[in-house]
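Novice: Okay, here's the structure, questions in a sec.
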Amino acid sequence: MTIPSSIDEVQARLSETGYVCGRALATVVFLSLKLGRPLFLEGEAGVGKTEIAKALAAMLGRKLIRLQCYEGLDASSAVYEWNFAAQMVAIRTAEASGGADRQALQTELFSDEFLVERPLLEAMRPDENGAPILLIDELDRTDEPFEAFLLEALSDFQVTIPELGTVKAPEPPIVILTSNRTREVHDALKRRCLYHWVDYPDFPREVEILHARAPEVAENLSREVVSFVQRLRTEDLFKKPGVAETIDWAKCLLALDVIDLSPEVISDTLGAILKYQDDIAKIQGSEAKRILDETREQLAMAD
């Protein structure tokens, strides 16, 4: 599919995939596509940074390639590795047949047949549907040496395999990097990208997101759920619930045939929105009732 020609078209087409975004995010997405620049998204966990890559892939009909970052990730793990087990089988087969040409065998062992492509190399390959979406997820989990390598790879959109040579992308992939900001990412990498902070949505937008992702949830329950979660975010919690938790909780309530919230239902299902026992213990019981009462008072005032 073609690249959107306007910011409004970005919003409309993303909405068709179920991703609701504000104009600021739609603007930076449009510019990233238009200028061919990587897009760097920071924000709390669960606010939709990863989902934007999935939505873009669906919107453009492109392949989504995800590099999930973790501590200790290095260049070889992100680019390629050799299938050592298959190489050993080939060596033993050659030895058993006798008279193997060492040079020919070495050439065969380090060929595409035994190459295992990892996300960065896969993203450099041509695709009939166009350049893929390369999602480099949770970059802040890696260390500075990997950032330095990534800076070079994203500058030239090429990687080098010593045994095979340099692989250059015929068309640069659409790159999205995300960070939960557990540490600062180096400025040199950020300068290569367009930047956007993905914040928690306001009440109307979060209700709209919930309608898009869980349309079967009743309007009244949707409003109560969103308002309650937004009140939770003002509490002193170890991990505040994101939009992903709002959606998960609403679906849990729907599965339980809940029509409206009650302190008992909230206490029974807190594990859908809070992921640490200390947070759950803090909100259970009278605290859940207090927040629910404040939620309903706020909704009544808005109506």
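By convention in this document, the chains of the structure tokens carry letters A, B, ... by their order, each chain's residues are numbered from 1, and ligands are numbered from 1 in the order they are shown.
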Identify, on the basis of only C-alpha atoms, every residue whose closest approach to A:Lys240 does not exceed 8 Å; exclude the query and any residue fewer than 5 positions from it along the same chain; express the result as a PyMOL selection string.
Specialist: chain A and resi 232-233+274
Novice: Going by DSSP on the backbone, which residues of stretch 94-294 of chain A come out as helix (DSSP H, G or I)? List them as a ChimeraX atom specification.
Specialist: /A:94-97,102-109,112-114,119-124,139-141,144-156,187-191,203-213,219-232,243-255,263-272,277-283,286-294
Novice: Would you tabulate, counting only C-alpha atoms, all residues of stretch 128-223 of chain A that have an atom at most 10 Å from an atom of stretch 72-75 of chain A, showing the closest pair of atoms and their distance in Å to one decimal, sorted by chain then ascending number, as JSON lines?
Specialist:
```
{"residue": "A:Arg141", "atom": "CA", "partner": "A:Gly72", "partner_atom": "CA", "distance": 8.6}
{"residue": "A:Thr142", "atom": "CA", "partner": "A:Leu73", "partner_atom": "CA", "distance": 6.2}
{"residue": "A:Asp143", "atom": "CA", "partner": "A:Gly72", "partner_atom": "CA", "distance": 7.2}
{"residue": "A:Pro145", "atom": "CA", "partner": "A:Asp74", "partner_atom": "CA", "distance": 8.0}
{"residue": "A:Phe146", "atom": "CA", "partner": "A:Asp74", "partner_atom": "CA", "distance": 5.9}
{"residue": "A:Glu147", "atom": "CA", "partner": "A:Asp74", "partner_atom": "CA", "distance": 9.5}
{"residue": "A:Ala148", "atom": "CA", "partner": "A:Ala75", "partner_atom": "CA", "distance": 9.9}
{"residue": "A:Phe149", "atom": "CA", "partner": "A:Ala75", "partner_atom": "CA", "distance": 6.8}
{"residue": "A:Leu150", "atom": "CA", "partner": "A:Ala75", "partner_atom": "CA", "distance": 8.1}
{"residue": "A:Ala153", "atom": "CA", "partner": "A:Ala75", "partner_atom": "CA", "distance": 9.9}
{"residue": "A:Val159", "atom": "CA", "partner": "A:Ala75", "partner_atom": "CA", "distance": 9.7}
```
Novice: Identify, on the basis of only C-alpha atoms, every residue whose closest approach to A:Pro126 does not exceed 12 Å; exclude the query and any residue fewer than 2 positions from it along the same chain; express the result as an MDAnalysis selection string.
Specialist: chainID A and resid 62:63 121:124 128:132 167:173
Novice: Please, which residues in stretch 173-261 of chain A fall within 10 Å of stretch 20-32 of chain A when counting only C-alpha atoms, and what is the closest atom pair and distance in Å to one decimal for each, ordered by chain then residue number, as JSON lines?
Specialist:
```
{"residue": "A:Ile174", "atom": "CA", "partner": "A:Ser32", "partner_atom": "CA", "distance": 8.2}
{"residue": "A:Val175", "atom": "CA", "partner": "A:Ser32", "partner_atom": "CA", "distance": 8.8}
{"residue": "A:Ile176", "atom": "CA", "partner": "A:Ser32", "partner_atom": "CA", "distance": 9.2}
{"residue": "A:Cys193", "atom": "CA", "partner": "A:Ser32", "partner_atom": "CA", "distance": 8.4}
{"residue": "A:Leu194", "atom": "CA", "partner": "A:Ser32", "partner_atom": "CA", "distance": 6.7}
{"residue": "A:Tyr195", "atom": "CA", "partner": "A:Val28", "partner_atom": "CA", "distance": 7.6}
{"residue": "A:His196", "atom": "CA", "partner": "A:Leu25", "partner_atom": "CA", "distance": 7.0}
{"residue": "A:Trp197", "atom": "CA", "partner": "A:Leu25", "partner_atom": "CA", "distance": 8.6}
{"residue": "A:Val198", "atom": "CA", "partner": "A:Leu25", "partner_atom": "CA", "distance": 7.7}
{"residue": "A:Pro201", "atom": "CA", "partner": "A:Gly22", "partner_atom": "CA", "distance": 8.6}
{"residue": "A:Arg205", "atom": "CA", "partner": "A:Val20", "partner_atom": "CA", "distance": 7.6}
{"residue": "A:Glu206", "atom": "CA", "partner": "A:Val20", "partner_atom": "CA", "distance": 8.7}
{"residue": "A:Glu208", "atom": "CA", "partner": "A:Val20", "partner_atom": "CA", "distance": 7.2}
{"residue": "A:Ile209", "atom": "CA", "partner": "A:Val20", "partner_atom": "CA", "distance": 5.7}
{"residue": "A:Leu210", "atom": "CA", "partner": "A:Val20", "partner_atom": "CA", "distance": 9.3}
{"residue": "A:His211", "atom": "CA", "partner": "A:Val20", "partner_atom": "CA", "distance": 9.8}
{"residue": "A:Ala212", "atom": "CA", "partner": "A:Val20", "partner_atom": "CA", "distance": 7.5}
{"residue": "A:Arg213", "atom": "CA", "partner": "A:Val20", "partner_atom": "CA", "distance": 9.3}
```
Novice: Please dump the current selection as a compact mmCIF listing (two decimals), in the first residue's frame; keep N, CA and C atoms.
Specialist:
```
# COMPACT_ATOMS: atom_id res chain seq x y z
N ILE A 174 11.66 0.66 7.27
CA ILE A 174 11.02 1.68 8.11
C ILE A 174 11.32 1.30 9.56
N VAL A 175 12.14 2.11 10.22
CA VAL A 175 12.68 1.74 11.54
C VAL A 175 11.94 2.45 12.66
N ILE A 176 11.51 1.68 13.64
CA ILE A 176 10.91 2.23 14.86
C ILE A 176 11.68 1.68 16.05
N CYS A 193 17.29 10.06 14.61
CA CYS A 193 15.87 9.72 14.59
C CYS A 193 14.98 10.94 14.78
N LEU A 194 13.72 10.78 14.40
CA LEU A 194 12.68 11.70 14.85
C LEU A 194 12.19 11.17 16.20
N TYR A 195 11.91 12.08 17.12
CA TYR A 195 11.63 11.67 18.51
C TYR A 195 10.19 12.02 18.90
N HIS A 196 9.59 11.13 19.70
CA HIS A 196 8.27 11.44 20.27
C HIS A 196 8.11 10.73 21.61
N TRP A 197 7.63 11.48 22.58
CA TRP A 197 7.30 10.90 23.89
C TRP A 197 5.85 10.45 23.86
N VAL A 198 5.61 9.16 24.04
CA VAL A 198 4.25 8.63 24.03
C VAL A 198 3.73 8.64 25.47
N PRO A 201 -2.82 8.53 27.46
CA PRO A 201 -3.84 9.34 26.79
C PRO A 201 -4.76 10.02 27.81
N ARG A 205 -9.62 10.08 24.83
CA ARG A 205 -8.86 9.25 23.89
C ARG A 205 -8.72 7.82 24.41
N GLU A 206 -8.56 7.65 25.71
CA GLU A 206 -8.43 6.29 26.24
C GLU A 206 -9.75 5.53 26.10
N GLU A 208 -11.83 6.06 23.67
CA GLU A 208 -11.85 5.77 22.23
C GLU A 208 -10.98 4.56 21.90
N ILE A 209 -9.80 4.50 22.55
CA ILE A 209 -8.90 3.35 22.35
C ILE A 209 -9.56 2.07 22.82
N LEU A 210 -10.21 2.13 23.97
CA LEU A 210 -10.88 0.94 24.52
C LEU A 210 -12.01 0.50 23.60
N HIS A 211 -12.75 1.44 23.06
CA HIS A 211 -13.82 1.09 22.11
C HIS A 211 -13.25 0.42 20.87
N ALA A 212 -12.09 0.90 20.41
CA ALA A 212 -11.48 0.33 19.20
C ALA A 212 -10.95 -1.07 19.44
N ARG A 213 -10.38 -1.32 20.62
CA ARG A 213 -9.76 -2.61 20.91
C ARG A 213 -10.69 -3.61 21.57
```
